[in-house]
$ cat query_11.txt   # compact mmCIF, C-alpha atoms and all ligand atoms
# COMPACT_ATOMS: atom_id res chain seq x y z
CA MET P 1 20.44 -2.01 1.64
CA THR P 2 16.81 -1.12 2.03
CA GLY P 3 15.38 -4.12 0.27
CA GLU P 4 17.55 -6.97 1.28
CA ALA P 5 20.03 -8.19 3.78
CA MET P 6 23.22 -8.88 1.94
CA GLU P 7 25.34 -11.93 2.08
CA ARG P 8 28.60 -12.28 0.25
CA SER P 9 29.18 -15.44 -1.65
CA ALA P 10 32.54 -16.44 -0.33
CA THR P 11 34.39 -17.80 -3.33
CA ASP P 12 36.98 -15.71 -5.04
CA THR P 13 36.12 -17.08 -8.46
CA ASP P 14 32.50 -16.01 -8.23
CA LEU P 15 32.42 -12.26 -7.87
CA HIS P 16 28.64 -12.02 -8.01
CA TYR P 17 27.02 -10.54 -5.00
CA ARG P 18 24.18 -12.78 -3.83
CA ARG P 19 21.45 -11.47 -1.61
CA THR P 20 19.18 -13.56 0.56
CA PRO P 21 15.85 -12.23 1.82
CA PRO P 22 15.86 -11.47 5.55
CA VAL P 23 13.75 -13.64 7.87
CA PHE P 24 11.28 -10.81 8.35
CA TRP P 25 10.88 -9.99 4.66
CA TRP P 26 7.11 -10.15 5.07
CA THR P 27 7.08 -7.15 7.41
CA ARG P 28 8.55 -4.90 4.73
CA LYS P 29 5.49 -4.34 2.64
CA PRO P 30 1.81 -4.24 3.60
CA SER P 31 0.95 -6.56 0.72
CA TYR P 32 3.50 -9.15 1.87
CA PHE P 33 2.11 -8.89 5.38
CA VAL P 34 -1.49 -9.44 4.30
CA PHE P 35 -0.32 -12.42 2.27
CA VAL P 36 1.41 -14.05 5.24
CA MET P 37 -1.65 -13.40 7.40
CA ARG P 38 -3.79 -15.09 4.77
CA GLU P 39 -1.51 -18.13 4.86
CA LEU P 40 -1.66 -18.07 8.66
CA SER P 41 -5.45 -17.95 8.57
CA SER P 42 -5.58 -21.54 7.36
CA LEU P 43 -4.47 -22.66 10.84
CA PHE P 44 -7.45 -20.91 12.37
CA ILE P 45 -9.76 -22.38 9.79
CA ALA P 46 -8.46 -25.82 10.68
CA TRP P 47 -9.15 -25.00 14.32
CA LEU P 48 -12.75 -23.95 13.59
CA VAL P 49 -13.33 -27.17 11.67
CA LEU P 50 -12.06 -29.14 14.66
CA TYR P 51 -14.27 -27.04 16.95
CA LEU P 52 -17.29 -27.81 14.81
CA LEU P 53 -16.52 -31.54 14.88
CA LEU P 54 -16.18 -31.46 18.66
CA PHE P 55 -19.50 -29.67 18.81
CA VAL P 56 -21.19 -32.28 16.64
CA ARG P 57 -19.69 -35.06 18.71
CA ALA P 58 -20.97 -33.48 21.93
CA VAL P 59 -24.44 -33.19 20.47
CA GLY P 60 -24.31 -36.83 19.42
CA ARG P 61 -23.34 -37.95 22.92
CA GLY P 62 -26.42 -36.59 24.57
CA GLU P 63 -27.47 -33.84 26.89
CA THR P 64 -24.74 -33.85 29.53
CA ALA P 65 -21.97 -33.89 26.95
CA TYR P 66 -23.67 -31.00 25.20
CA ALA P 67 -23.93 -29.02 28.45
CA ASP P 68 -20.25 -29.72 29.16
CA PHE P 69 -19.33 -28.52 25.72
CA LEU P 70 -21.26 -25.29 26.24
CA ASP P 71 -19.50 -24.72 29.55
CA TRP P 72 -16.16 -25.32 27.94
CA ALA P 73 -17.02 -23.07 25.03
CA ALA P 74 -17.84 -20.24 27.41
CA SER P 75 -14.43 -20.24 29.05
CA PRO P 76 -12.75 -16.88 28.45
CA TRP P 77 -9.65 -18.16 26.69
CA LEU P 78 -11.77 -20.11 24.24
CA VAL P 79 -13.97 -17.10 23.53
CA VAL P 80 -10.86 -15.04 22.84
CA LEU P 81 -9.45 -17.76 20.60
CA ASN P 82 -12.67 -17.99 18.66
CA VAL P 83 -12.95 -14.24 18.22
CA VAL P 84 -9.41 -14.17 16.82
CA ALA P 85 -10.17 -17.18 14.65
CA PHE P 86 -13.28 -15.47 13.33
CA ALA P 87 -11.28 -12.38 12.40
CA PHE P 88 -8.88 -14.57 10.45
CA VAL P 89 -11.74 -16.34 8.72
CA VAL P 90 -13.14 -12.99 7.63
CA LEU P 91 -9.73 -12.03 6.26
CA HIS P 92 -9.45 -15.35 4.50
CA THR P 93 -12.90 -15.05 2.96
CA VAL P 94 -12.51 -11.48 1.78
CA THR P 95 -9.07 -12.02 0.25
CA TRP P 96 -10.10 -15.34 -1.27
CA PHE P 97 -13.19 -13.83 -2.88
CA SER P 98 -11.25 -10.96 -4.35
CA LEU P 99 -8.64 -13.32 -5.82
CA THR P 100 -11.12 -15.67 -7.48
CA PRO P 101 -11.67 -13.71 -10.71
CA GLN P 102 -7.94 -13.91 -11.39
CA ALA P 103 -7.96 -17.68 -11.19
CA MET P 104 -11.28 -18.23 -12.92
CA VAL P 105 -12.11 -16.82 -16.28
CA LEU P 106 -15.78 -17.26 -17.02
CA GLN P 107 -17.17 -16.77 -20.45
CA VAL P 108 -20.86 -16.15 -20.95
CA GLY P 109 -22.09 -15.71 -24.49
CA GLY P 110 -18.58 -15.16 -25.80
CA ARG P 111 -17.93 -12.35 -23.34
CA ARG P 112 -15.73 -12.44 -20.29
CA VAL P 113 -17.71 -12.08 -17.07
CA PRO P 114 -16.40 -8.94 -15.33
CA PRO P 115 -14.41 -9.62 -12.12
CA ARG P 116 -16.86 -7.56 -10.06
CA ALA P 117 -19.72 -9.83 -11.04
CA ILE P 118 -17.79 -12.91 -9.94
CA ILE P 119 -16.90 -11.33 -6.61
CA GLY P 120 -20.48 -10.13 -6.13
CA ALA P 121 -21.85 -13.59 -6.89
CA GLN P 122 -19.66 -15.09 -4.19
CA TYR P 123 -20.91 -12.66 -1.57
CA ALA P 124 -24.47 -13.32 -2.69
CA ALA P 125 -23.92 -17.06 -2.37
CA LEU P 126 -22.40 -16.55 1.08
CA ALA P 127 -25.42 -14.50 2.14
CA VAL P 128 -27.85 -17.16 0.89
CA VAL P 129 -26.04 -19.98 2.67
CA SER P 130 -25.76 -17.94 5.87
CA ALA P 131 -29.47 -17.12 5.76
CA PHE P 132 -30.28 -20.78 5.27
CA VAL P 133 -28.11 -21.84 8.21
CA LEU P 134 -29.65 -19.14 10.36
CA TRP P 135 -33.11 -20.34 9.44
CA LEU P 136 -32.09 -23.93 10.16
CA VAL P 137 -30.86 -23.23 13.68
CA THR P 138 -33.50 -20.73 14.75
CA ARG P 139 -36.57 -22.35 13.29
CA MET U 140 11.74 44.95 -14.58
CA ALA U 141 9.57 42.75 -12.35
CA ASP U 142 9.07 40.46 -15.28
CA ALA U 143 12.79 39.96 -15.78
CA ASP U 144 13.18 39.23 -12.07
CA GLU U 145 10.42 36.68 -12.21
CA ILE U 146 12.02 34.94 -15.14
CA ALA U 147 15.39 34.98 -13.41
CA ASP U 148 13.74 33.50 -10.32
CA LYS U 149 12.14 30.85 -12.38
CA ILE U 150 15.40 29.93 -14.01
CA THR U 151 17.25 29.65 -10.69
CA ASP U 152 14.29 27.70 -9.38
CA GLU U 153 14.65 25.21 -12.15
CA ILE U 154 18.33 24.92 -11.61
CA THR U 155 18.13 24.61 -7.85
CA ASP U 156 15.35 22.03 -7.99
CA GLU U 157 17.45 19.04 -7.16
CA ILE U 158 17.00 15.58 -5.82
CA THR U 159 19.47 13.25 -4.17
CA MET U 160 19.78 9.76 -5.56
CA ARG U 161 21.13 7.10 -3.22
CA VAL U 162 22.60 4.60 -5.57
CA ALA U 163 23.82 1.11 -4.65
CA ARG U 164 27.37 0.54 -5.82
CA TYR U 165 29.27 -2.68 -6.08
CA ARG U 166 32.61 -2.97 -7.84
CA PRO U 167 33.82 -6.54 -7.53
CA ASP U 168 37.35 -5.54 -8.48
CA LYS U 169 37.51 -3.02 -5.62
CA ASP U 170 34.83 -3.71 -2.99
CA ARG U 171 34.22 -6.69 -0.82
CA ASP U 172 30.70 -5.43 -0.11
CA PRO U 173 28.26 -3.14 -1.83
CA GLY U 174 27.85 0.36 -0.55
CA TRP U 175 25.94 3.52 -1.25
CA GLN U 176 26.87 6.57 -3.16
CA GLU U 177 24.84 9.75 -3.22
CA TYR U 178 24.46 11.91 -6.27
CA THR U 179 22.55 15.13 -6.48
CA VAL U 180 20.83 15.55 -9.81
CA PRO U 181 18.53 18.20 -11.26
CA GLN U 182 14.92 17.31 -10.74
CA ARG U 183 13.01 18.26 -13.86
CA GLU U 184 9.37 17.55 -14.35
CA GLU U 185 9.93 15.22 -17.27
CA TRP U 186 12.96 13.44 -15.86
CA THR U 187 12.79 9.78 -15.02
CA VAL U 188 15.02 7.87 -12.64
CA LEU U 189 16.90 6.66 -15.72
CA ASP U 190 17.43 10.28 -16.83
CA GLY U 191 18.92 10.92 -13.40
CA LEU U 192 21.31 7.99 -13.81
CA ASN U 193 22.25 9.09 -17.32
CA HIS U 194 22.99 12.56 -15.97
CA VAL U 195 25.29 11.04 -13.36
CA LYS U 196 26.99 8.88 -15.95
CA ASN U 197 27.50 11.76 -18.40
CA GLU U 198 28.33 14.59 -16.05
CA VAL U 199 29.41 13.26 -12.68
CA ASP U 200 30.69 9.71 -12.49
CA THR U 201 31.43 7.65 -15.56
CA THR U 202 32.10 4.52 -13.54
CA LEU U 203 28.46 3.89 -12.67
CA ALA U 204 27.16 0.73 -14.37
CA TYR U 205 23.51 0.03 -15.23
CA ARG U 206 21.47 -1.32 -18.14
CA TRP U 207 19.08 0.49 -20.40
CA SER U 208 18.25 0.78 -24.05
CA CYS U 209 14.94 2.02 -25.40
CA ARG U 210 13.97 4.43 -22.58
CA MET U 211 10.34 3.95 -23.53
CA GLY U 212 9.18 0.85 -21.68
CA ILE U 213 9.71 -1.57 -24.53
CA CYS U 214 13.06 -3.31 -24.16
CA GLY U 215 12.69 -4.29 -20.51
CA SER U 216 16.33 -3.80 -19.64
CA CYS U 217 16.16 -0.91 -17.19
CA GLY U 218 14.45 -2.64 -14.27
CA MET U 219 15.76 -1.67 -10.83
CA ASN U 220 14.45 -1.44 -7.31
CA VAL U 221 13.48 2.17 -6.75
CA ASP U 222 12.79 2.89 -3.08
CA GLY U 223 12.48 -0.86 -2.64
CA GLU U 224 9.92 -1.40 -5.43
CA PRO U 225 10.81 -3.08 -8.72
CA LYS U 226 10.32 -0.47 -11.46
CA LEU U 227 11.21 0.28 -15.04
CA THR U 228 13.46 3.25 -14.37
CA CYS U 229 12.64 4.78 -17.74
CA ALA U 230 8.97 4.93 -16.76
CA THR U 231 9.42 6.12 -13.18
CA PHE U 232 9.54 9.84 -12.58
CA LEU U 233 11.99 11.45 -10.19
CA SER U 234 9.40 14.03 -9.20
CA ASP U 235 7.27 11.27 -7.67
CA TYR U 236 10.02 10.82 -5.09
CA ALA U 237 10.48 14.50 -4.23
CA PRO U 238 11.93 15.79 -2.01
CA GLY U 239 14.05 12.65 -1.99
CA PRO U 240 16.42 11.06 -1.43
CA VAL U 241 15.39 8.26 -3.73
CA THR U 242 17.20 4.95 -3.42
CA VAL U 243 18.13 2.98 -6.50
CA GLU U 244 19.22 -0.64 -6.13
CA PRO U 245 19.76 -3.52 -8.52
CA LEU U 246 16.69 -5.69 -9.06
CA ALA U 247 16.03 -7.78 -5.98
CA ASN U 248 16.41 -11.57 -5.97
CA PHE U 249 19.11 -11.64 -8.67
CA PRO U 250 22.88 -11.85 -8.09
CA VAL U 251 24.61 -8.53 -8.66
CA ILE U 252 27.40 -8.35 -11.20
CA ARG U 253 28.30 -4.73 -10.75
CA ASP U 254 26.52 -1.62 -9.37
CA LEU U 255 22.97 -1.85 -10.76
CA VAL U 256 23.60 -4.69 -13.19
CA VAL U 257 22.22 -8.09 -12.25
CA ASP U 258 22.93 -11.55 -13.60
CA ILE U 259 19.89 -12.75 -15.53
CA SER U 260 21.20 -16.13 -16.66
CA ASP U 261 18.81 -17.98 -14.36
CA PHE U 262 15.87 -16.31 -16.10
CA MET U 263 17.34 -16.96 -19.54
CA GLU U 264 17.70 -20.63 -18.68
CA LYS U 265 14.12 -20.89 -17.40
CA LEU U 266 12.26 -19.24 -20.27
CA PRO U 267 12.91 -21.89 -22.95
CA ARG U 268 11.89 -24.66 -20.52
CA VAL U 269 8.21 -23.91 -21.20
CA SER U 270 8.73 -24.17 -25.00
CA PRO U 271 7.59 -20.63 -25.74
CA TRP U 272 6.87 -21.13 -29.41
CA ILE U 273 4.04 -22.57 -31.44
CA ILE U 274 4.01 -26.33 -31.31
CA ARG U 275 1.97 -28.15 -33.95
CA ASP U 276 0.77 -31.74 -34.02
CA GLU U 277 1.20 -31.55 -37.72
CA GLU U 278 3.17 -28.81 -39.35
CA GLN U 279 1.28 -27.30 -42.26
CA SER U 280 3.34 -26.72 -45.37
CA VAL U 281 4.17 -23.17 -46.38
CA ASP U 282 2.17 -23.61 -49.58
CA ASP U 283 -0.99 -24.07 -47.53
CA GLY U 284 -0.62 -20.52 -46.31
CA GLU U 285 -0.56 -19.05 -42.82
CA TYR U 286 -2.44 -20.25 -39.77
CA LEU U 287 -5.43 -17.95 -39.58
CA GLN U 288 -6.86 -16.55 -36.41
CA THR U 289 -10.00 -14.58 -35.59
CA PRO U 290 -9.82 -11.40 -33.48
CA GLU U 291 -11.47 -13.36 -30.63
CA GLU U 292 -8.77 -16.02 -30.82
CA LEU U 293 -6.16 -13.29 -30.68
CA ASP U 294 -7.82 -11.69 -27.66
CA ALA U 295 -7.66 -14.99 -25.78
CA TYR U 296 -3.88 -14.74 -25.31
CA LYS U 297 -2.99 -11.16 -26.21
CA GLN U 298 -2.62 -9.94 -22.65
CA PHE U 299 -0.08 -12.65 -21.84
CA SER U 300 1.90 -11.86 -24.97
CA MET U 301 2.66 -8.30 -23.84
CA CYS U 302 5.53 -9.39 -21.58
CA ILE U 303 8.83 -7.57 -22.19
CA ASN U 304 10.95 -9.87 -20.00
CA CYS U 305 11.82 -7.08 -17.62
CA MET U 306 11.90 -9.48 -14.65
CA LEU U 307 10.23 -7.02 -12.31
CA CYS U 308 7.86 -9.83 -11.36
CA TYR U 309 10.79 -12.02 -10.28
CA ALA U 310 12.16 -9.20 -8.17
CA ALA U 311 8.77 -8.76 -6.50
CA CYS U 312 8.17 -12.45 -5.85
CA PRO U 313 9.12 -13.60 -2.34
CA VAL U 314 8.80 -17.24 -3.42
CA TYR U 315 11.48 -16.75 -6.06
CA GLY U 316 13.63 -14.94 -3.49
CA LEU U 317 13.38 -17.83 -1.07
CA GLU U 318 13.39 -20.70 -3.57
CA PRO U 319 15.27 -19.73 -6.73
CA GLU U 320 14.27 -23.07 -8.30
CA PHE U 321 10.75 -21.69 -8.82
CA ILE U 322 10.29 -21.24 -12.54
CA GLY U 323 8.64 -17.88 -11.86
CA PRO U 324 5.81 -15.62 -13.01
CA ALA U 325 6.89 -14.50 -16.48
CA ALA U 326 7.81 -18.02 -17.63
CA ILE U 327 4.39 -19.34 -16.58
CA ALA U 328 2.60 -16.40 -18.16
CA LEU U 329 4.47 -17.13 -21.35
CA ALA U 330 3.44 -20.79 -21.22
CA GLU U 331 -0.15 -19.65 -20.84
CA ARG U 332 0.28 -17.29 -23.77
CA TYR U 333 1.07 -20.22 -26.09
CA ASP U 334 -1.44 -22.59 -24.52
CA LEU U 335 -4.21 -20.10 -25.22
CA ASP U 336 -3.10 -19.61 -28.81
CA SER U 337 -5.52 -21.33 -31.17
CA ARG U 338 -2.64 -22.34 -33.47
CA ASP U 339 -0.79 -24.19 -30.74
CA HIS U 340 -0.99 -27.85 -29.70
CA GLY U 341 1.75 -27.86 -27.06
CA ALA U 342 -0.32 -27.54 -23.90
CA ARG U 343 0.35 -31.12 -22.80
CA GLN U 344 4.10 -30.71 -23.18
CA ARG U 345 4.17 -27.49 -21.17
CA LEU U 346 1.97 -28.91 -18.47
CA ASP U 347 4.48 -31.71 -17.94
CA VAL U 348 7.09 -29.09 -17.12
CA LEU U 349 4.89 -26.84 -15.02
CA ILE U 350 3.28 -29.60 -12.99
CA GLU U 351 6.68 -30.29 -11.41
CA GLU U 352 7.56 -29.17 -7.90
CA GLU U 353 9.28 -25.98 -9.09
CA GLY U 354 6.45 -25.24 -11.52
CA VAL U 355 3.07 -23.69 -10.74
CA TYR U 356 2.74 -25.26 -7.31
CA GLY U 357 5.68 -23.25 -6.06
CA CYS U 358 3.40 -20.22 -6.25
CA THR U 359 1.42 -19.35 -3.14
CA PHE U 360 -0.51 -16.51 -4.79
CA VAL U 361 1.15 -13.52 -3.20
CA GLY U 362 0.01 -11.55 -6.25
CA GLU U 363 2.91 -9.08 -6.20
CA CYS U 364 4.01 -10.06 -9.72
CA THR U 365 0.77 -8.73 -11.13
CA ARG U 366 0.99 -5.54 -9.11
CA VAL U 367 4.47 -4.61 -10.35
CA CYS U 368 4.09 -5.70 -13.98
CA PRO U 369 4.47 -2.61 -16.19
CA LYS U 370 2.66 -4.31 -19.08
CA HIS U 371 -0.42 -5.54 -17.18
CA VAL U 372 0.37 -9.11 -18.10
CA ASP U 373 -1.17 -10.41 -14.84
CA PRO U 374 1.17 -13.36 -14.33
CA ALA U 375 -0.60 -14.27 -11.07
CA ALA U 376 -3.75 -14.99 -13.05
CA ALA U 377 -1.82 -17.13 -15.52
CA ILE U 378 -0.39 -19.18 -12.67
CA GLN U 379 -3.74 -19.74 -10.96
CA ARG U 380 -5.32 -20.75 -14.25
CA TYR U 381 -2.49 -23.18 -14.77
CA LYS U 382 -3.02 -24.66 -11.33
CA LEU U 383 -6.66 -25.23 -12.21
CA LYS U 384 -5.62 -26.91 -15.44
CA ALA U 385 -3.04 -29.06 -13.67
CA ALA U 386 -5.59 -30.12 -11.06
CA GLN U 387 -8.13 -31.05 -13.73
CA GLU U 388 -5.46 -33.05 -15.49
CA SER U 389 -4.54 -34.94 -12.32
CA VAL U 390 -8.19 -35.81 -11.69
CA LYS U 391 -8.52 -37.04 -15.25
CA MET U 392 -5.40 -39.19 -14.91
CA PHE U 393 -6.83 -40.66 -11.77
CA LEU U 394 -10.30 -41.38 -13.07
CA LEU U 395 -9.90 -42.30 -16.67
CA PRO U 396 -8.33 -45.46 -18.02
CA ARG U 397 -5.22 -44.83 -20.07
CA ALA U 398 -6.95 -45.36 -23.41
CA LEU U 399 -9.47 -42.59 -22.89
CA ARG U 400 -7.02 -39.90 -21.87
CA ARG U 401 -6.01 -37.22 -24.21
S1 LIG P 501 5.29 -10.54 -16.77
FE1 LIG P 501 5.36 -8.30 -16.58
S2 LIG P 501 6.82 -7.93 -14.88
FE2 LIG P 501 7.11 -10.05 -15.54
S3 LIG P 501 8.78 -9.97 -17.04
FE3 LIG P 501 6.86 -9.82 -18.20
S4 LIG P 501 6.45 -7.63 -18.42
FE4 LIG P 501 8.01 -7.85 -16.81
S1 LIG P 502 15.03 1.42 -21.19
FE1 LIG P 502 13.82 -0.03 -22.31
S2 LIG P 502 12.26 -0.49 -20.90
FE2 LIG P 502 13.34 1.08 -19.87

$ encode --input "query_11.txt" --output "structure tokens"
Amino acid sequence: MTGEAMERSATDTDLHYRRTPPVFWWTRKPSYFVFVMRELSSLFIAWLVLYLLLFVRAVGRGETAYADFLDWAASPWLVVLNVVAFAFVVLHTVTWFSLTPQAMVLQVGGRRVPPRAIIGAQYAALAVVSAFVLWLVTR
Amino acid sequence: MADADEIADKITDEITDEITMRVARYRPDKDRDPGWQEYTVPQREEWTVLDGLNHVKNEVDTTLAYRWSCRMGICGSCGMNVDGEPKLTCATFLSDYAPGPVTVEPLANFPVIRDLVVDISDFMEKLPRVSPWIIRDEEQSVDDGEYLQTPEELDAYKQFSMCINCMLCYAACPVYGLEPEFIGPAAIALAERYDLDSRDHGARQRLDVLIEEEGVYGCTFVGECTRVCPKHVDPAAAIQRYKLKAAQESVKMFLLPRALRR
């Protein structure tokens, strides 16, 4: 069958045919695939949080620890990992933003705020926070 | 003369315009396993997949079993997987699958009884669990008249009341496929429909059911239910809104002393 792998329920009294989804069900549709990637992205987000904590700890421990951290951070495998992690974070952010209006119904003056406005507001907030962080580190 | 030829051409064209339907067959009395059977049917502009099946049933093979009734997207009984996508077959046109072949399977995620007919008892058992009717704290007597509602109050739940129980959303939901205990999109959308109804006081009762393991938290927001819903019910939205409600409720339980809770 195109959709499903089939598995016969073995009893002779139950003539229903029961189907179980194949292990790789999520490769069968682009939307399923994007969904599984979004779930996977949480691992990379956890990694980036850990990375940030390690960074803060190195800063707290003084100059040599900081220099060591920078050296470590420049190692090729870590750069690759972080680039991949960043890609996943972008995916996570974009999909999360576009799903928000479905979960949140905002009423302003008795009217429902259009989904586009909610999505736009999130990007605007992201831009503001990013600009602030940029200003903080470069000032 | 040319005109007559053209017309003749056109007629043969119409007759020879055909499409092959690959239909899943399962006859428990005969087969151990399901198989495929191919039927070639005329492909007319206005013909739906259901029209194709009806043609087969009437003209070619009377043994083919499938469900349908209204053929106008109202009864919700003709759902099948067409080329792997859950569809109302009465609202899905054969010409969209030209040149074919188009595969027709029973709705995914449900046990198959015969050919294209699935067993829906699981769904029928789940629906009443969310008490899909108006629950009142105090029933008003008939003499007091009907419960009135403003157009705005109607709009609040109208979208969620459009469900025709076609179960396409269950067929599209990988969570339901993997964990059949999950109460599922349409049942939660229906709970939301009554929660949002200004005449209803049953939100608390429904939340108790949906806050369980197999309730809203089973959902991981794949969003496919909303994409396949022929009535634009947006069950995914209902579920996320319910999660928000459930979370608020848990926080309240945690923070407020028993006496202050409502
Ligand atoms: S929510 Fe939509 S897809 Fe699901 S049963 Fe109702 S009408 Fe069908
Ligand atoms: S036959 Fe009623 S919805 Fe298709």

$ closest_atom_pairs --input "query_11.txt" --of "chain U" --to "ligand LIG 501 (chain P)" --cutoff "6 Å" --atoms "all atoms listed in the file" --output "tab-separated table"
residue	atom	partner	partner_atom	distance
U:Cys302	CA	P:LIG501	FE3	3.7
U:Ile303	CA	P:LIG501	S4	4.5
U:Asn304	CA	P:LIG501	S3	3.7
U:Cys305	CA	P:LIG501	FE4	4.0
U:Met306	CA	P:LIG501	S3	4.0
U:Leu307	CA	P:LIG501	S2	4.4
U:Cys308	CA	P:LIG501	S2	4.1
U:Ala325	CA	P:LIG501	S1	4.3
U:Cys368	CA	P:LIG501	S2	3.6
U:Pro369	CA	P:LIG501	FE1	5.8
U:Lys370	CA	P:LIG501	S4	5.1
U:Val372	CA	P:LIG501	FE1	5.3
U:Pro374	CA	P:LIG501	S1	5.6

$ atom_distance --input "query_11.txt" --atom1 "CA of Ile273 (chain U)" --atom2 "CA of Val390 (chain U)"
26.7 Å

$ axis_aligned_box --input "query_11.txt" --around "ligand LIG 502 (chain P)" --padding-each-side "6 Å" --output "JSON"
{"center_x": 13.6, "center_y": 0.5, "center_z": -21.1, "size_x": 14.8, "size_y": 13.9, "size_z": 14.4}

$ residues_near_point --input "query_11.txt" --point "(-1.9, -21.2, -22.6)" --cutoff "12 Å" --atoms "all atoms listed in the file" --output "NGL selection string"
:U and (269-274 or 292 or 295-300 or 326-346 or 349 or 374 or 376-382 or 384-385)

$ interface_residues --input "query_11.txt" --of "chain P" --to "chain U" --cutoff "6 Å" --atoms "only C-alpha atoms" --output "compact mmCIF listing (two decimals) with C-alpha atoms, keeping the file's coordinate frame"
# COMPACT_ATOMS: atom_id res chain seq x y z
CA GLY P 3 15.38 -4.12 0.27
CA LEU P 15 32.42 -12.26 -7.87
CA HIS P 16 28.64 -12.02 -8.01
CA TYR P 17 27.02 -10.54 -5.00
CA ARG P 18 24.18 -12.78 -3.83
CA PHE P 35 -0.32 -12.42 2.27
CA GLN P 102 -7.94 -13.91 -11.39
CA ALA P 103 -7.96 -17.68 -11.19

$ residues_near_ligand --input "query_11.txt" --ligand "ligand LIG 502 (chain P)" --cutoff "8 Å" --atoms "all atoms listed in the file" --output "list in words"
Leu189, Arg206, Trp207, Ser208, Cys209, Arg210, Met211, Gly212, Ile213, Cys214, Gly215, Ser216, Cys217, Gly218, Leu227, Thr228, Cys229, Ala230, Ile303 and Cys305 of chain U
